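Below is the file input-v8.pdb, which contains PDB, C-alpha atoms.
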ATOM      1  CA  MET A 644      46.205  38.058 -74.806  1.00  0.00           C
ATOM      2  CA  GLN A 645      46.475  39.383 -78.359  1.00  0.00           C
ATOM      3  CA  LEU A 646      46.685  42.984 -77.152  1.00  0.00           C
ATOM      4  CA  ALA A 647      49.018  42.648 -74.171  1.00  0.00           C
ATOM      5  CA  GLY A 648      50.971  45.863 -73.673  1.00  0.00           C
ATOM      6  CA  ARG A 649      48.826  47.869 -76.111  1.00  0.00           C
ATOM      7  CA  ASN A 650      47.513  51.277 -75.095  1.00  0.00           C
ATOM      8  CA  ILE A 651      44.016  51.931 -76.433  1.00  0.00           C
ATOM      9  CA  ILE A 652      41.508  54.785 -76.272  1.00  0.00           C
ATOM     10  CA  VAL A 653      37.854  53.895 -76.848  1.00  0.00           C
ATOM     11  CA  THR A 654      35.218  56.612 -77.202  1.00  0.00           C
ATOM     12  CA  GLY A 655      31.612  55.775 -76.404  1.00  0.00           C
ATOM     13  CA  GLY A 656      32.823  53.090 -74.023  1.00  0.00           C
ATOM     14  CA  ALA A 657      30.090  53.301 -71.397  1.00  0.00           C
ATOM     15  CA  ARG A 658      27.475  51.012 -72.944  1.00  0.00           C
ATOM     16  CA  GLY A 659      26.408  49.066 -76.013  1.00  0.00           C
ATOM     17  CA  ILE A 660      29.038  48.401 -78.653  1.00  0.00           C
ATOM     18  CA  GLY A 661      31.613  50.539 -76.863  1.00  0.00           C
ATOM     19  CA  ALA A 662      31.243  48.571 -73.638  1.00  0.00           C
ATOM     20  CA  ALA A 663      31.620  45.278 -75.505  1.00  0.00           C
ATOM     21  CA  VAL A 664      34.794  46.563 -77.161  1.00  0.00           C
ATOM     22  CA  VAL A 665      36.288  47.840 -73.890  1.00  0.00           C
ATOM     23  CA  SER A 666      35.559  44.436 -72.372  1.00  0.00           C
ATOM     24  CA  ALA A 667      37.196  42.579 -75.277  1.00  0.00           C
ATOM     25  CA  TYR A 668      40.304  44.771 -75.195  1.00  0.00           C
ATOM     26  CA  LEU A 669      40.749  44.268 -71.452  1.00  0.00           C
ATOM     27  CA  ARG A 670      40.245  40.525 -71.834  1.00  0.00           C
ATOM     28  CA  GLU A 671      43.086  40.552 -74.367  1.00  0.00           C
ATOM     29  CA  GLY A 672      45.417  42.327 -71.942  1.00  0.00           C
ATOM     30  CA  ALA A 673      45.349  45.951 -73.164  1.00  0.00           C
ATOM     31  CA  ARG A 674      45.456  49.169 -71.164  1.00  0.00           C
ATOM     32  CA  VAL A 675      42.246  50.996 -72.034  1.00  0.00           C
ATOM     33  CA  ALA A 676      41.051  54.538 -71.525  1.00  0.00           C
ATOM     34  CA  SER A 677      37.267  54.505 -71.876  1.00  0.00           C
ATOM     35  CA  LEU A 678      35.719  57.853 -72.830  1.00  0.00           C
ATOM     36  CA  ASP A 679      32.042  58.827 -72.678  1.00  0.00           C
ATOM     37  CA  VAL A 680      29.575  61.356 -71.287  1.00  0.00           C
ATOM     38  CA  LEU A 681      27.593  58.698 -69.384  1.00  0.00           C
ATOM     39  CA  ASP A 682      29.782  58.938 -66.318  1.00  0.00           C
ATOM     40  CA  GLU A 683      27.945  56.597 -63.955  1.00  0.00           C
ATOM     41  CA  ASN A 684      27.699  53.826 -66.552  1.00  0.00           C
ATOM     42  CA  GLY A 685      31.262  54.347 -67.742  1.00  0.00           C
ATOM     43  CA  GLN A 686      32.857  54.251 -64.291  1.00  0.00           C
ATOM     44  CA  GLN A 687      30.788  51.285 -63.142  1.00  0.00           C
ATOM     45  CA  LEU A 688      31.753  49.287 -66.221  1.00  0.00           C
ATOM     46  CA  VAL A 689      35.463  49.986 -65.772  1.00  0.00           C
ATOM     47  CA  ASP A 690      35.290  49.034 -62.096  1.00  0.00           C
ATOM     48  CA  GLU A 691      33.597  45.734 -62.934  1.00  0.00           C
ATOM     49  CA  LEU A 692      35.865  44.805 -65.833  1.00  0.00           C
ATOM     50  CA  THR A 693      39.174  45.553 -64.129  1.00  0.00           C
ATOM     51  CA  CYS A 694      38.246  43.069 -61.410  1.00  0.00           C
ATOM     52  CA  ARG A 695      37.513  40.412 -64.027  1.00  0.00           C
ATOM     53  CA  TYR A 696      40.145  40.768 -66.758  1.00  0.00           C
ATOM     54  CA  PRO A 697      43.947  41.103 -66.926  1.00  0.00           C
ATOM     55  CA  GLY A 698      44.005  44.494 -68.662  1.00  0.00           C
ATOM     56  CA  GLN A 699      43.947  47.881 -66.961  1.00  0.00           C
ATOM     57  CA  ALA A 700      41.329  50.572 -67.517  1.00  0.00           C
ATOM     58  CA  ARG A 701      40.346  54.084 -66.535  1.00  0.00           C
ATOM     59  CA  TYR A 702      37.217  56.049 -67.309  1.00  0.00           C
ATOM     60  CA  HIS A 703      37.339  59.657 -68.550  1.00  0.00           C
ATOM     61  CA  HIS A 704      34.453  62.036 -69.148  1.00  0.00           C
ATOM     62  CA  CYS A 705      34.739  63.368 -72.703  1.00  0.00           C
ATOM     63  CA  ASP A 706      32.358  65.044 -75.123  1.00  0.00           C
ATOM     64  CA  ILE A 707      33.984  64.353 -78.479  1.00  0.00           C
ATOM     65  CA  ALA A 708      32.159  67.292 -80.062  1.00  0.00           C
ATOM     66  CA  ASP A 709      34.401  69.589 -77.960  1.00  0.00           C
ATOM     67  CA  ALA A 710      37.866  69.780 -79.550  1.00  0.00           C
ATOM     68  CA  ASP A 711      39.556  71.279 -76.479  1.00  0.00           C
ATOM     69  CA  GLN A 712      38.098  68.627 -74.211  1.00  0.00           C
ATOM     70  CA  VAL A 713      39.230  65.862 -76.558  1.00  0.00           C
ATOM     71  CA  ALA A 714      42.798  67.178 -76.655  1.00  0.00           C
ATOM     72  CA  GLU A 715      42.906  67.474 -72.860  1.00  0.00           C
ATOM     73  CA  VAL A 716      41.485  64.005 -72.212  1.00  0.00           C
ATOM     74  CA  PHE A 717      43.738  62.360 -74.818  1.00  0.00           C
ATOM     75  CA  ALA A 718      46.758  63.970 -73.149  1.00  0.00           C
ATOM     76  CA  ASP A 719      45.628  62.751 -69.724  1.00  0.00           C
ATOM     77  CA  ALA A 720      44.830  59.242 -70.955  1.00  0.00           C
ATOM     78  CA  THR A 721      48.065  58.764 -72.876  1.00  0.00           C
ATOM     79  CA  GLY A 722      50.004  60.114 -69.917  1.00  0.00           C
ATOM     80  CA  TRP A 723      48.485  57.450 -67.697  1.00  0.00           C
ATOM     81  CA  MET A 724      48.968  54.644 -70.235  1.00  0.00           C
ATOM     82  CA  GLY A 725      52.440  55.716 -71.315  1.00  0.00           C
ATOM     83  CA  GLY A 726      51.537  56.289 -74.970  1.00  0.00           C
ATOM     84  CA  LEU A 727      48.958  55.342 -77.567  1.00  0.00           C
ATOM     85  CA  ASP A 728      48.765  52.438 -80.007  1.00  0.00           C
ATOM     86  CA  VAL A 729      45.098  52.299 -80.984  1.00  0.00           C
ATOM     87  CA  MET A 730      42.118  54.667 -80.997  1.00  0.00           C
ATOM     88  CA  ALA A 731      38.606  53.316 -81.586  1.00  0.00           C
ATOM     89  CA  ASN A 732      36.068  56.097 -82.095  1.00  0.00           C
ATOM     90  CA  ILE A 733      32.716  54.458 -81.371  1.00  0.00           C
ATOM     91  CA  ALA A 734      30.772  57.366 -79.829  1.00  0.00           C
ATOM     92  CA  GLY A 735      27.852  58.519 -81.930  1.00  0.00           C
ATOM     93  CA  VAL A 736      24.237  59.667 -81.913  1.00  0.00           C
ATOM     94  CA  GLU A 737      21.227  58.901 -84.096  1.00  0.00           C
ATOM     95  CA  ARG A 738      17.931  60.693 -84.676  1.00  0.00           C
ATOM     96  CA  THR A 739      15.132  59.806 -87.078  1.00  0.00           C
ATOM     97  CA  ALA A 740      12.770  61.973 -89.118  1.00  0.00           C
ATOM     98  CA  PRO A 741      11.547  62.240 -92.701  1.00  0.00           C
ATOM     99  CA  ALA A 742      14.054  64.241 -94.731  1.00  0.00           C
ATOM    100  CA  GLN A 743      11.641  67.138 -95.236  1.00  0.00           C
ATOM    101  CA  ASP A 744      11.115  67.458 -91.479  1.00  0.00           C
ATOM    102  CA  ILE A 745      14.739  67.405 -90.307  1.00  0.00           C
ATOM    103  CA  GLY A 746      15.392  70.460 -88.170  1.00  0.00           C
ATOM    104  CA  ARG A 747      18.630  72.329 -87.665  1.00  0.00           C
ATOM    105  CA  GLU A 748      18.886  71.251 -84.017  1.00  0.00           C
ATOM    106  CA  HIS A 749      19.070  67.546 -84.798  1.00  0.00           C
ATOM    107  CA  TRP A 750      21.196  68.089 -87.921  1.00  0.00           C
ATOM    108  CA  ASP A 751      23.745  70.046 -85.881  1.00  0.00           C
ATOM    109  CA  LEU A 752      23.717  67.504 -83.026  1.00  0.00           C
ATOM    110  CA  ILE A 753      24.397  64.580 -85.355  1.00  0.00           C
ATOM    111  CA  PHE A 754      27.142  66.365 -87.262  1.00  0.00           C
ATOM    112  CA  ASP A 755      28.724  67.757 -84.076  1.00  0.00           C
ATOM    113  CA  VAL A 756      29.107  64.296 -82.568  1.00  0.00           C
ATOM    114  CA  ASN A 757      29.427  61.949 -85.536  1.00  0.00           C
ATOM    115  CA  VAL A 758      31.457  64.107 -87.932  1.00  0.00           C
ATOM    116  CA  ARG A 759      33.215  66.762 -85.857  1.00  0.00           C
ATOM    117  CA  GLY A 760      33.778  64.126 -83.177  1.00  0.00           C
ATOM    118  CA  THR A 761      35.561  62.003 -85.772  1.00  0.00           C
ATOM    119  CA  LEU A 762      37.670  64.991 -86.792  1.00  0.00           C
ATOM    120  CA  HIS A 763      38.605  65.828 -83.205  1.00  0.00           C
ATOM    121  CA  THR A 764      39.423  62.295 -82.055  1.00  0.00           C
ATOM    122  CA  ASN A 765      41.321  61.378 -85.211  1.00  0.00           C
ATOM    123  CA  GLN A 766      43.428  64.537 -85.098  1.00  0.00           C
ATOM    124  CA  ALA A 767      44.147  64.013 -81.401  1.00  0.00           C
ATOM    125  CA  ALA A 768      45.131  60.391 -82.062  1.00  0.00           C
ATOM    126  CA  PHE A 769      47.332  61.433 -84.982  1.00  0.00           C
ATOM    127  CA  ALA A 770      49.275  63.794 -82.715  1.00  0.00           C
ATOM    128  CA  HIS A 771      50.157  60.851 -80.449  1.00  0.00           C
ATOM    129  CA  LEU A 772      50.662  58.244 -83.195  1.00  0.00           C
ATOM    130  CA  ARG A 773      52.637  60.202 -85.801  1.00  0.00           C
ATOM    131  CA  ALA A 774      56.028  59.318 -84.324  1.00  0.00           C
ATOM    132  CA  ARG A 775      55.377  55.606 -83.782  1.00  0.00           C
ATOM    133  CA  GLY A 776      52.485  54.534 -85.994  1.00  0.00           C
ATOM    134  CA  GLY A 777      49.345  52.779 -84.850  1.00  0.00           C
ATOM    135  CA  ARG A 778      45.692  52.105 -85.519  1.00  0.00           C
ATOM    136  CA  ILE A 779      42.631  54.332 -85.863  1.00  0.00           C
ATOM    137  CA  ILE A 780      39.228  52.639 -86.108  1.00  0.00           C
ATOM    138  CA  ASN A 781      36.224  54.800 -86.971  1.00  0.00           C
ATOM    139  CA  PHE A 782      32.570  53.845 -86.901  1.00  0.00           C
ATOM    140  CA  GLY A 783      30.543  54.202 -90.041  1.00  0.00           C
ATOM    141  CA  SER A 784      27.255  52.543 -90.893  1.00  0.00           C
ATOM    142  CA  ALA A 785      25.480  50.820 -93.725  1.00  0.00           C
ATOM    143  CA  ALA A 786      23.405  54.017 -93.710  1.00  0.00           C
ATOM    144  CA  GLY A 787      26.459  55.846 -95.039  1.00  0.00           C
ATOM    145  CA  ILE A 788      26.782  53.354 -97.894  1.00  0.00           C
ATOM    146  CA  SER A 789      23.237  52.515 -98.926  1.00  0.00           C
ATOM    147  CA  GLY A 790      21.228  55.304 -97.307  1.00  0.00           C
ATOM    148  CA  MET A 791      18.654  55.085 -94.537  1.00  0.00           C
ATOM    149  CA  PRO A 792      15.123  56.283 -95.253  1.00  0.00           C
ATOM    150  CA  GLY A 793      13.828  58.182 -92.247  1.00  0.00           C
ATOM    151  CA  ALA A 794      17.312  59.189 -91.101  1.00  0.00           C
ATOM    152  CA  ALA A 795      18.947  61.141 -93.921  1.00  0.00           C
ATOM    153  CA  HIS A 796      20.906  63.308 -91.477  1.00  0.00           C
ATOM    154  CA  TYR A 797      22.365  60.242 -89.762  1.00  0.00           C
ATOM    155  CA  ALA A 798      23.170  58.622 -93.123  1.00  0.00           C
ATOM    156  CA  ALA A 799      24.863  61.815 -94.317  1.00  0.00           C
ATOM    157  CA  SER A 800      27.019  61.971 -91.186  1.00  0.00           C
ATOM    158  CA  LYS A 801      28.156  58.371 -91.568  1.00  0.00           C
ATOM    159  CA  GLY A 802      28.876  58.904 -95.263  1.00  0.00           C
ATOM    160  CA  ALA A 803      31.157  61.749 -94.204  1.00  0.00           C
ATOM    161  CA  VAL A 804      32.922  59.489 -91.687  1.00  0.00           C
ATOM    162  CA  LEU A 805      33.590  56.882 -94.366  1.00  0.00           C
ATOM    163  CA  ALA A 806      34.925  59.453 -96.844  1.00  0.00           C
ATOM    164  CA  TRP A 807      37.147  60.957 -94.148  1.00  0.00           C
ATOM    165  CA  THR A 808      38.473  57.497 -93.247  1.00  0.00           C
ATOM    166  CA  ARG A 809      39.401  56.640 -96.842  1.00  0.00           C
ATOM    167  CA  THR A 810      41.167  59.969 -97.257  1.00  0.00           C
ATOM    168  CA  VAL A 811      43.217  60.160 -94.067  1.00  0.00           C
ATOM    169  CA  ALA A 812      44.213  56.513 -94.517  1.00  0.00           C
ATOM    170  CA  GLN A 813      46.070  57.674 -97.623  1.00  0.00           C
ATOM    171  CA  GLU A 814      47.484  60.819 -96.013  1.00  0.00           C
ATOM    172  CA  TRP A 815      48.670  59.168 -92.796  1.00  0.00           C
ATOM    173  CA  ALA A 816      50.084  55.969 -94.276  1.00  0.00           C
ATOM    174  CA  ALA A 817      53.485  57.672 -94.409  1.00  0.00           C
ATOM    175  CA  GLN A 818      53.401  57.799 -90.589  1.00  0.00           C
ATOM    176  CA  ARG A 819      52.539  54.059 -90.472  1.00  0.00           C
ATOM    177  CA  ILE A 820      49.057  54.841 -89.169  1.00  0.00           C
ATOM    178  CA  THR A 821      46.279  52.608 -90.470  1.00  0.00           C
ATOM    179  CA  VAL A 822      42.778  54.085 -90.570  1.00  0.00           C
ATOM    180  CA  ASN A 823      39.805  51.808 -91.119  1.00  0.00           C
ATOM    181  CA  ALA A 824      36.071  51.969 -90.515  1.00  0.00           C
ATOM    182  CA  VAL A 825      33.555  49.457 -89.289  1.00  0.00           C
ATOM    183  CA  ALA A 826      29.951  49.463 -90.516  1.00  0.00           C
ATOM    184  CA  PRO A 827      28.072  47.279 -88.033  1.00  0.00           C
ATOM    185  CA  MET A 828      24.493  46.100 -87.847  1.00  0.00           C
ATOM    186  CA  ILE A 829      24.488  45.247 -84.164  1.00  0.00           C
ATOM    187  CA  TRP A 830      21.751  45.217 -81.518  1.00  0.00           C
ATOM    188  CA  THR A 831      22.427  48.097 -79.092  1.00  0.00           C
ATOM    189  CA  PRO A 832      20.616  50.140 -76.411  1.00  0.00           C
ATOM    190  CA  MET A 833      20.219  52.854 -79.068  1.00  0.00           C
ATOM    191  CA  TYR A 834      18.432  50.308 -81.242  1.00  0.00           C
ATOM    192  CA  ASP A 835      16.239  49.271 -78.315  1.00  0.00           C
ATOM    193  CA  ALA A 836      15.172  52.904 -77.974  1.00  0.00           C
ATOM    194  CA  HIS A 837      14.457  53.023 -81.705  1.00  0.00           C
ATOM    195  CA  ARG A 838      12.264  49.906 -81.457  1.00  0.00           C
ATOM    196  CA  ALA A 839      10.430  51.322 -78.437  1.00  0.00           C
ATOM    197  CA  LYS A 840       9.083  54.170 -80.561  1.00  0.00           C
ATOM    198  CA  MET A 841       7.375  51.774 -82.991  1.00  0.00           C
ATOM    199  CA  SER A 842       3.817  50.531 -82.849  1.00  0.00           C
ATOM    200  CA  THR A 843       3.135  46.797 -82.829  1.00  0.00           C
ATOM    201  CA  GLU A 844       2.387  46.917 -86.553  1.00  0.00           C
ATOM    202  CA  GLN A 845       5.502  48.971 -87.327  1.00  0.00           C
ATOM    203  CA  LEU A 846       7.686  46.640 -85.286  1.00  0.00           C
ATOM    204  CA  ALA A 847       6.349  43.582 -87.095  1.00  0.00           C
ATOM    205  CA  GLU A 848       7.002  45.206 -90.473  1.00  0.00           C
ATOM    206  CA  HIS A 849      10.476  46.308 -89.332  1.00  0.00           C
ATOM    207  CA  ASP A 850      11.387  42.768 -88.271  1.00  0.00           C
ATOM    208  CA  ARG A 851      10.087  41.363 -91.565  1.00  0.00           C
ATOM    209  CA  HIS A 852      12.261  43.871 -93.401  1.00  0.00           C
ATOM    210  CA  LEU A 853      15.375  42.880 -91.414  1.00  0.00           C
ATOM    211  CA  ALA A 854      14.678  39.219 -92.097  1.00  0.00           C
ATOM    212  CA  SER A 855      14.612  39.992 -95.817  1.00  0.00           C
ATOM    213  CA  ILE A 856      17.855  42.001 -95.975  1.00  0.00           C
ATOM    214  CA  ILE A 857      20.197  40.229 -93.501  1.00  0.00           C
ATOM    215  CA  PRO A 858      21.211  36.892 -95.061  1.00  0.00           C
ATOM    216  CA  LEU A 859      22.827  35.533 -91.881  1.00  0.00           C
ATOM    217  CA  GLY A 860      20.026  34.987 -89.401  1.00  0.00           C
ATOM    218  CA  GLY A 861      17.691  37.781 -90.451  1.00  0.00           C
ATOM    219  CA  ARG A 862      18.387  39.947 -87.399  1.00  0.00           C
ATOM    220  CA  LEU A 863      21.005  42.298 -86.018  1.00  0.00           C
ATOM    221  CA  GLY A 864      24.194  40.812 -84.641  1.00  0.00           C
ATOM    222  CA  ASP A 865      25.457  40.549 -81.081  1.00  0.00           C
ATOM    223  CA  ALA A 866      28.149  43.019 -79.994  1.00  0.00           C
ATOM    224  CA  GLU A 867      30.270  40.581 -77.992  1.00  0.00           C
ATOM    225  CA  ARG A 868      29.952  37.593 -80.294  1.00  0.00           C
ATOM    226  CA  ASP A 869      29.959  39.223 -83.728  1.00  0.00           C
ATOM    227  CA  LEU A 870      31.722  42.583 -83.475  1.00  0.00           C
ATOM    228  CA  ALA A 871      34.194  42.498 -80.580  1.00  0.00           C
ATOM    229  CA  PRO A 872      36.465  39.869 -82.231  1.00  0.00           C
ATOM    230  CA  VAL A 873      36.670  42.058 -85.355  1.00  0.00           C
ATOM    231  CA  MET A 874      37.645  45.045 -83.211  1.00  0.00           C
ATOM    232  CA  VAL A 875      40.336  42.982 -81.504  1.00  0.00           C
ATOM    233  CA  PHE A 876      41.738  42.022 -84.907  1.00  0.00           C
ATOM    234  CA  LEU A 877      41.752  45.627 -86.138  1.00  0.00           C
ATOM    235  CA  ALA A 878      43.640  46.668 -82.995  1.00  0.00           C
ATOM    236  CA  SER A 879      46.203  43.874 -83.335  1.00  0.00           C
ATOM    237  CA  GLU A 880      49.423  43.400 -85.250  1.00  0.00           C
ATOM    238  CA  GLY A 881      47.591  41.173 -87.718  1.00  0.00           C
ATOM    239  CA  SER A 882      45.759  44.118 -89.303  1.00  0.00           C
ATOM    240  CA  GLY A 883      48.908  46.082 -90.096  1.00  0.00           C
ATOM    241  CA  PHE A 884      48.563  45.852 -93.901  1.00  0.00           C
ATOM    242  CA  ILE A 885      44.904  46.904 -94.008  1.00  0.00           C
ATOM    243  CA  THR A 886      43.980  50.568 -94.313  1.00  0.00           C
ATOM    244  CA  GLY A 887      41.310  52.765 -95.871  1.00  0.00           C
ATOM    245  CA  GLN A 888      38.750  49.968 -95.672  1.00  0.00           C
ATOM    246  CA  THR A 889      35.171  49.751 -94.432  1.00  0.00           C
ATOM    247  CA  LEU A 890      34.495  46.373 -92.820  1.00  0.00           C
ATOM    248  CA  CYS A 891      30.777  45.624 -92.909  1.00  0.00           C
ATOM    249  CA  VAL A 892      29.937  43.480 -89.892  1.00  0.00           C
ATOM    250  CA  ASP A 893      26.336  43.109 -90.925  1.00  0.00           C
ATOM    251  CA  GLY A 894      25.448  39.527 -91.709  1.00  0.00           C
ATOM    252  CA  GLY A 895      25.936  40.084 -95.422  1.00  0.00           C
ATOM    253  CA  THR A 896      23.535  43.017 -95.799  1.00  0.00           C
ATOM    254  CA  VAL A 897      25.943  45.246 -97.743  1.00  0.00           C
ATOM    255  CA  ALA A 898      27.452  43.092-100.468  1.00  0.00           C
ATOM    256  CA  VAL A 899      30.358  44.025-102.722  1.00  0.00           C
ATOM    257  CA  ARG A 900      28.962  45.119-106.087  1.00  0.00           C
TER     258      ARG A 900
END

Go through the file and emit its structure as structure tokens.
Amino acid sequence: MQLAGRNIIVTGGARGIGAAVVSAYLREGARVASLDVLDENGQQLVDELTCRYPGQARYHHCDIADADQVAEVFADATGWMGGLDVMANIAGVERTAPAQDIGREHWDLIFDVNVRGTLHTNQAAFAHLRARGGRIINFGSAAGISGMPGAAHYAASKGAVLAWTRTVAQEWAAQRITVNAVAPMIWTPMYDAHRAKMSTEQLAEHDRHLASIIPLGGRLGDAERDLAPVMVFLASEGSGFITGQTLCVDGGTVAVR
């Protein structure tokens, strides 16, 4: 019950990493507003988890690329919870293509969700946290640190998220708001879809590559086992003197140089 009494908004909470984080927060006693555009998945998950865990949860439809929608949903969610202590912005999209073939449609989609979505959710959280302090947790990627051949637009968007996080952490420290990012290498439904596009030969080469770059185990981590405990820590009182950081939950792939 590390998060008992805490009011938390999680974007992208309907499946994958977001679902694992919503589950962990409820298990630790928090009130959670889960936001997503996958309404059936999101509502079903909340219904299941609230029967299982001590925390309370509600699902809200929210496209984080829409600033007006974000402001409205944040107001509704914080009204129900009675305030806001933590905002975890997990929602994101990924597309792959060689750099020379990236089209405007996919570039705009990725930046609308990953970058503008970060702007919208962080600004909305700031409006509710500025008087009392709190936690903002953004989602970056190793792609934003080391690059990602075949997904330059995704890597560029995550690089922007990490730069934004470092900057607003400095600006908002005066309001006692910590802002950190997580760069995970975690097995997700999005990753399953990515693997499904590969041929047998490509998949074998991909797995050999992962085995060579991930020191701990040679494969992507598990959301509930490897990432959720980190997210609980970042939402807790224990992380109060950490800000402007990118925590790489990646089995040692991105090492400090």

What's the 7 Å shell around segment 759-774 of chain A, counting only C-alpha atoms, without same-chain residues fewer than 3 positions away, as a PyMOL selection string? chain A and resi 707-708+710+713-714+717+727-728+730+732+754-756+777+804+818

Output C-alpha atoms of each residue in that selection to a file, as a short mmCIF file (atom, residue, chain, number, x, y, z; two decimals), in the coordinates of the input.
data_model
loop_
_atom_site.label_atom_id
_atom_site.label_comp_id
_atom_site.auth_asym_id
_atom_site.auth_seq_id
_atom_site.Cartn_x
_atom_site.Cartn_y
_atom_site.Cartn_z
CA ILE A 707 33.98 64.35 -78.48
CA ALA A 708 32.16 67.29 -80.06
CA ALA A 710 37.87 69.78 -79.55
CA VAL A 713 39.23 65.86 -76.56
CA ALA A 714 42.80 67.18 -76.66
CA PHE A 717 43.74 62.36 -74.82
CA LEU A 727 48.96 55.34 -77.57
CA ASP A 728 48.76 52.44 -80.01
CA MET A 730 42.12 54.67 -81.00
CA ASN A 732 36.07 56.10 -82.10
CA PHE A 754 27.14 66.36 -87.26
CA ASP A 755 28.72 67.76 -84.08
CA VAL A 756 29.11 64.30 -82.57
CA GLY A 777 49.34 52.78 -84.85
CA VAL A 804 32.92 59.49 -91.69
CA GLN A 818 53.40 57.80 -90.59
#

Please enumerate the residues selected by the PyMOL selection byres ((chain A and resi 665) around 10) when evaluated against the supplied file, formatted as a PDB file with C-alpha atoms, in the coordinates of the input.
ATOM      1  CA  ILE A 651      44.016  51.931 -76.433  1.00  0.00           C
ATOM      2  CA  ILE A 652      41.508  54.785 -76.272  1.00  0.00           C
ATOM      3  CA  VAL A 653      37.854  53.895 -76.848  1.00  0.00           C
ATOM      4  CA  THR A 654      35.218  56.612 -77.202  1.00  0.00           C
ATOM      5  CA  GLY A 655      31.612  55.775 -76.404  1.00  0.00           C
ATOM      6  CA  GLY A 656      32.823  53.090 -74.023  1.00  0.00           C
ATOM      7  CA  ALA A 657      30.090  53.301 -71.397  1.00  0.00           C
ATOM      8  CA  ARG A 658      27.475  51.012 -72.944  1.00  0.00           C
ATOM      9  CA  ILE A 660      29.038  48.401 -78.653  1.00  0.00           C
ATOM     10  CA  GLY A 661      31.613  50.539 -76.863  1.00  0.00           C
ATOM     11  CA  ALA A 662      31.243  48.571 -73.638  1.00  0.00           C
ATOM     12  CA  ALA A 663      31.620  45.278 -75.505  1.00  0.00           C
ATOM     13  CA  VAL A 664      34.794  46.563 -77.161  1.00  0.00           C
ATOM     14  CA  SER A 666      35.559  44.436 -72.372  1.00  0.00           C
ATOM     15  CA  ALA A 667      37.196  42.579 -75.277  1.00  0.00           C
ATOM     16  CA  TYR A 668      40.304  44.771 -75.195  1.00  0.00           C
ATOM     17  CA  LEU A 669      40.749  44.268 -71.452  1.00  0.00           C
ATOM     18  CA  ARG A 670      40.245  40.525 -71.834  1.00  0.00           C
ATOM     19  CA  GLU A 671      43.086  40.552 -74.367  1.00  0.00           C
ATOM     20  CA  ALA A 673      45.349  45.951 -73.164  1.00  0.00           C
ATOM     21  CA  ARG A 674      45.456  49.169 -71.164  1.00  0.00           C
ATOM     22  CA  VAL A 675      42.246  50.996 -72.034  1.00  0.00           C
ATOM     23  CA  ALA A 676      41.051  54.538 -71.525  1.00  0.00           C
ATOM     24  CA  SER A 677      37.267  54.505 -71.876  1.00  0.00           C
ATOM     25  CA  LEU A 688      31.753  49.287 -66.221  1.00  0.00           C
ATOM     26  CA  VAL A 689      35.463  49.986 -65.772  1.00  0.00           C
ATOM     27  CA  LEU A 692      35.865  44.805 -65.833  1.00  0.00           C
ATOM     28  CA  GLY A 698      44.005  44.494 -68.662  1.00  0.00           C
ATOM     29  CA  ALA A 700      41.329  50.572 -67.517  1.00  0.00           C
ATOM     30  CA  ALA A 731      38.606  53.316 -81.586  1.00  0.00           C
ATOM     31  CA  ALA A 871      34.194  42.498 -80.580  1.00  0.00           C
ATOM     32  CA  MET A 874      37.645  45.045 -83.211  1.00  0.00           C
ATOM     33  CA  VAL A 875      40.336  42.982 -81.504  1.00  0.00           C
TER      34      VAL A 875
END

I'd like the residues picked by the PyMOL selection byres ((chain A and resi 822-836) around 9) written out as number ranges by chain, using the chain letters and numbers from the file. A: 658-660, 736-737, 777-788, 804-805, 808-809, 811-813, 815-816, 820-821, 837-840, 862-866, 869-870, 873-874, 877, 885-894, 896

Writer output for current selection, C-alpha atoms, as a short mmCIF file (atom, residue, chain, number, x, y, z; two decimals), keeping the file's coordinate frame:
data_model
loop_
_atom_site.label_atom_id
_atom_site.label_comp_id
_atom_site.auth_asym_id
_atom_site.auth_seq_id
_atom_site.Cartn_x
_atom_site.Cartn_y
_atom_site.Cartn_z
CA ARG A 658 27.48 51.01 -72.94
CA GLY A 659 26.41 49.07 -76.01
CA ILE A 660 29.04 48.40 -78.65
CA VAL A 736 24.24 59.67 -81.91
CA GLU A 737 21.23 58.90 -84.10
CA GLY A 777 49.34 52.78 -84.85
CA ARG A 778 45.69 52.10 -85.52
CA ILE A 779 42.63 54.33 -85.86
CA ILE A 780 39.23 52.64 -86.11
CA ASN A 781 36.22 54.80 -86.97
CA PHE A 782 32.57 53.84 -86.90
CA GLY A 783 30.54 54.20 -90.04
CA SER A 784 27.26 52.54 -90.89
CA ALA A 785 25.48 50.82 -93.72
CA ALA A 786 23.40 54.02 -93.71
CA GLY A 787 26.46 55.85 -95.04
CA ILE A 788 26.78 53.35 -97.89
CA VAL A 804 32.92 59.49 -91.69
CA LEU A 805 33.59 56.88 -94.37
CA THR A 808 38.47 57.50 -93.25
CA ARG A 809 39.40 56.64 -96.84
CA VAL A 811 43.22 60.16 -94.07
CA ALA A 812 44.21 56.51 -94.52
CA GLN A 813 46.07 57.67 -97.62
CA TRP A 815 48.67 59.17 -92.80
CA ALA A 816 50.08 55.97 -94.28
CA ILE A 820 49.06 54.84 -89.17
CA THR A 821 46.28 52.61 -90.47
CA HIS A 837 14.46 53.02 -81.70
CA ARG A 838 12.26 49.91 -81.46
CA ALA A 839 10.43 51.32 -78.44
CA LYS A 840 9.08 54.17 -80.56
CA ARG A 862 18.39 39.95 -87.40
CA LEU A 863 21.00 42.30 -86.02
CA GLY A 864 24.19 40.81 -84.64
CA ASP A 865 25.46 40.55 -81.08
CA ALA A 866 28.15 43.02 -79.99
CA ASP A 869 29.96 39.22 -83.73
CA LEU A 870 31.72 42.58 -83.48
CA VAL A 873 36.67 42.06 -85.36
CA MET A 874 37.65 45.04 -83.21
CA LEU A 877 41.75 45.63 -86.14
CA ILE A 885 44.90 46.90 -94.01
CA THR A 886 43.98 50.57 -94.31
CA GLY A 887 41.31 52.76 -95.87
CA GLN A 888 38.75 49.97 -95.67
CA THR A 889 35.17 49.75 -94.43
CA LEU A 890 34.49 46.37 -92.82
CA CYS A 891 30.78 45.62 -92.91
CA VAL A 892 29.94 43.48 -89.89
CA ASP A 893 26.34 43.11 -90.92
CA GLY A 894 25.45 39.53 -91.71
CA THR A 896 23.54 43.02 -95.80
#
